[in-house]
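Visitor: Mind looking over this structure? Questions follow.
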Amino acid sequence: KGGFPLGGQVRVSGSKNAALPIMAASILADEPVDLLGVPRLLDVATLARVLHEVGVEVSRPTAKRMRLETIDPTAIRAGYRHVRRMRASFCVLGPLLARRGRAMVPLPGGCNIGDRPVDLHLTGLAALGADVRVSRGYVIAESDRLRGADINMTGRHGPSVTGTANVLSAATLALGTTVIHGAAREPEIV
């Protein structure tokens with residue numbers, strides 16, 4: 001019932017939707033990455049397991065800090081068990097490809113390039129010069145050197161948030177300039 005002004009304090013946790021693609025992007029870093037305010041949620045723990053599979057150690061040295069550090073720079077394959085649980089796990093594809101030259105990531109959440117397609121991810125990475133194919137439920141992407149490109153991320157269902165995150169991450173290590181047209185505009189992308 002209204003009629004009275006609200007007052008008080010509320011502690012707001014960090015954004016899961018922002019934390020997940022940033023965690024995946026830690027693959028791009030040469031040094032450990034410290035993140036503050038990452039919420040303690042099942043999705044965050046699931047992505048931490050995916051990152052472990054691709055050689056990134058995730059720890060919480062303090063209650064407010066998460067540290068991500070590459071301990072195996074040769075790991076390129078994310079397992080189906082964890083990626084199928086959460087679509088955001090697919091965000092490791094672009095960083096793995098850009099940093100390690102090769103990535104093997106299962107289609108997310110049982111995705112079959114249908115209802116929640118990953119076609120924009122794949123065409124965006126291909127535009128950067130990657131050889132991208134789907135085989136036995138895995139996306140396999142390879143490139144000796146990604147190159148900047150003009151990429152259109154506008155799909156028939158609108159832009160893709162995770163697709164934009166994947167292409168944006170991969171483009172950071174590409175040679176030259178990349179311009180992404182029709183990029184998602186959600187806060188976690190901005």
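By convention in this document, the chains of the structure tokens carry letters A, B, ... by their order, each chain's residues are numbered from 1, and ligands are numbered from 1 in the order they are shown.
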As a ChimeraX atom specification, list the residues of chain A assigned to helix (DSSP H, G or I) by DSSP on the backbone atoms of this structure.
Guide: /A:16-28,42-53,80-83,87-100,108-110,119-127,161-171
Visitor: List every residue of stretch 17-169 of chain A that DSSP, applied to the backbone of this structure, assigns to strand (DSSP E), and report them as a ChimeraX atom specification.
Guide: /A:33-36,56-62,65-70,102-106,131-135,138-142,150-152,154-155,158-159
Visitor: Compile the contact shell of A:Leu36 as a list in words: residues with an atom at most 12 Å away, counting only C-alpha atoms, same-chain residues fewer than 3 positions apart removed.
Guide: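 Contacts, in chain order: Ser13, Gly14, Ser15, Lys16, Ala18, Ala19, Ile22, Met23, Val33, Pro39, Arg40, Arg60, Pro61, Thr62, Ala63, Lys64, Arg65, Met66, Arg67 and Leu68 of chain A.
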Visitor: Just the residues within 8 Å of A:Leu28, please, counting only C-alpha atoms, with nothing from its chain fewer than 4 positions along; format it as a PDB file with N, CA, C and O atoms, in the first residue's frame.
Guide:
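What follows is the written file part_30.pdb:
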ATOM      1  N   PRO A  95      37.132 -15.389 -27.088  1.00  0.00           N
ATOM      2  CA  PRO A  95      38.424 -15.216 -26.423  1.00  0.00           C
ATOM      3  C   PRO A  95      39.404 -16.369 -26.653  1.00  0.00           C
ATOM      4  O   PRO A  95      40.592 -16.140 -26.857  1.00  0.00           O
ATOM      5  N   LEU A  96      38.914 -17.611 -26.627  1.00  0.00           N
ATOM      6  CA  LEU A  96      39.804 -18.752 -26.895  1.00  0.00           C
ATOM      7  C   LEU A  96      40.398 -18.655 -28.294  1.00  0.00           C
ATOM      8  O   LEU A  96      41.602 -18.852 -28.486  1.00  0.00           O
ATOM      9  N   ALA A  98      40.775 -15.980 -30.204  1.00  0.00           N
ATOM     10  CA  ALA A  98      41.679 -14.841 -30.334  1.00  0.00           C
ATOM     11  C   ALA A  98      43.014 -15.076 -29.632  1.00  0.00           C
ATOM     12  O   ALA A  98      44.067 -14.753 -30.175  1.00  0.00           O
ATOM     13  N   ARG A  99      42.985 -15.643 -28.435  1.00  0.00           N
ATOM     14  CA  ARG A  99      44.215 -15.813 -27.647  1.00  0.00           C
ATOM     15  C   ARG A  99      45.008 -17.044 -28.068  1.00  0.00           C
ATOM     16  O   ARG A  99      46.217 -17.026 -28.126  1.00  0.00           O
ATOM     17  N   SER A 169      35.122  -9.525 -28.067  1.00  0.00           N
ATOM     18  CA  SER A 169      36.295 -10.091 -27.395  1.00  0.00           C
ATOM     19  C   SER A 169      37.341 -10.553 -28.400  1.00  0.00           C
ATOM     20  O   SER A 169      38.528 -10.263 -28.248  1.00  0.00           O
ATOM     21  N   LEU A 173      42.019  -8.675 -30.084  1.00  0.00           N
ATOM     22  CA  LEU A 173      43.363  -9.136 -30.436  1.00  0.00           C
ATOM     23  C   LEU A 173      43.563  -9.268 -31.941  1.00  0.00           C
ATOM     24  O   LEU A 173      44.612  -9.725 -32.386  1.00  0.00           O
TER      25      LEU A 173
END
Visitor: I need the residue nearest A:Val38 from this list: A:Val12, A:Val167, A:Glu57, A:Ala184. Use only C-alpha atoms for the distance.
Guide: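 Answer, going by the shortest atom-to-atom distance: A:Val12.
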Visitor: So what do you get for atom CA of A:Thr178 versus atom CA of A:Thr164, distance-wise?
Guide: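 Result for atom CA of A:Thr178 versus atom CA of A:Thr164: 12.1 Å, one decimal.
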Visitor: For a quick check of understanding, using only C-alpha atoms, which of A:Gly155, A:Pro32, A:Pro5, A:Gly148 has the smallest distance to A:Leu175?
Guide: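 Closest candidate: A:Gly148.
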Visitor: With a cut-off of 10 Å, could you pull out the residues of stretch 151-189 of chain A touching stretch 79-88 of chain A and give me the nearest pair of atoms for each, distance in Å to one decimal, using only C-alpha atoms, ordered by chain and ascending number, as a Markdown table?
Guide:
| residue | atom | partner | partner_atom | distance |
| --- | --- | --- | --- | --- |
| A:Val161 | CA | A:Ala88 | CA | 9.5 |
| A:Thr162 | CA | A:Ala88 | CA | 6.6 |
| A:Gly163 | CA | A:Ala88 | CA | 9.8 |
| A:Ala165 | CA | A:Ala88 | CA | 9.7 |
| A:Asn166 | CA | A:Ala88 | CA | 10.0 |
Visitor: What does the file look like for those residues with C-alpha atoms, as a PDB file, in the first residue's frame?
Guide:
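Final output, part_11.pdb:
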ATOM      1  CA  VAL A 161      24.100 -10.006 -26.729  1.00  0.00           C
ATOM      2  CA  THR A 162      26.374 -13.027 -26.361  1.00  0.00           C
ATOM      3  CA  GLY A 163      27.202 -12.855 -30.074  1.00  0.00           C
ATOM      4  CA  ALA A 165      30.373 -10.189 -26.611  1.00  0.00           C
ATOM      5  CA  ASN A 166      32.071 -13.037 -28.497  1.00  0.00           C
TER       6      ASN A 166
END
Visitor: Residues within 12 Å of A:Arg133, please, as a compact mmCIF listing (two decimals) with C-alpha atoms, in the first residue's frame. Count only C-alpha atoms; anything in the same chain fewer than 6 positions from it doesn't count.
Guide:
# COMPACT_ATOMS: atom_id res chain seq x y z
CA ARG A 102 41.78 -22.50 -31.86
CA ALA A 103 38.62 -23.21 -29.90
CA MET A 104 36.30 -26.17 -29.46
CA VAL A 105 33.09 -25.21 -27.67
CA PRO A 106 29.83 -27.18 -27.60
CA LEU A 107 26.69 -25.58 -28.92
CA ILE A 113 21.51 -23.13 -34.47
CA VAL A 118 24.45 -18.87 -32.66
CA ASP A 119 24.73 -18.03 -36.35
CA HIS A 121 28.55 -15.59 -33.40
CA LEU A 122 29.83 -17.85 -36.17
CA THR A 123 29.47 -15.40 -39.05
CA LEU A 125 34.09 -14.77 -36.14
CA ALA A 126 34.32 -15.90 -39.75
CA VAL A 139 31.80 -25.36 -32.79
CA ILE A 140 35.39 -25.59 -33.95
CA ALA A 141 37.04 -22.27 -34.80
CA GLU A 142 40.61 -21.78 -36.00
Visitor: Which is closest to A:Thr172 among A:Leu6, A:Leu120, A:Leu146, A:Val58, if we use only C-alpha atoms?
Guide: A:Leu146
Visitor: Which residues are near A:Ala48? Cut-off 10 Å, only C-alpha atoms, ignore same chain within fewer than 3 positions. Put them as a ChimeraX atom specification.
Guide: /A:20,23-24,42-45,51-54,56-59,68,82,89
Visitor: Could you please determine the separation between atom CA of A:Gly55 and atom CA of A:Ala149 in Å, to one decimal place?
Guide: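 Atom CA of A:Ala149 lies at a distance of 28.6 Å from atom CA of A:Gly55.
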Visitor: In Å, with one decimal, what is the gap from atom CA of A:Ile27 to atom CA of A:Gly176?
Guide: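 These two atoms are separated by 20.2 Å.
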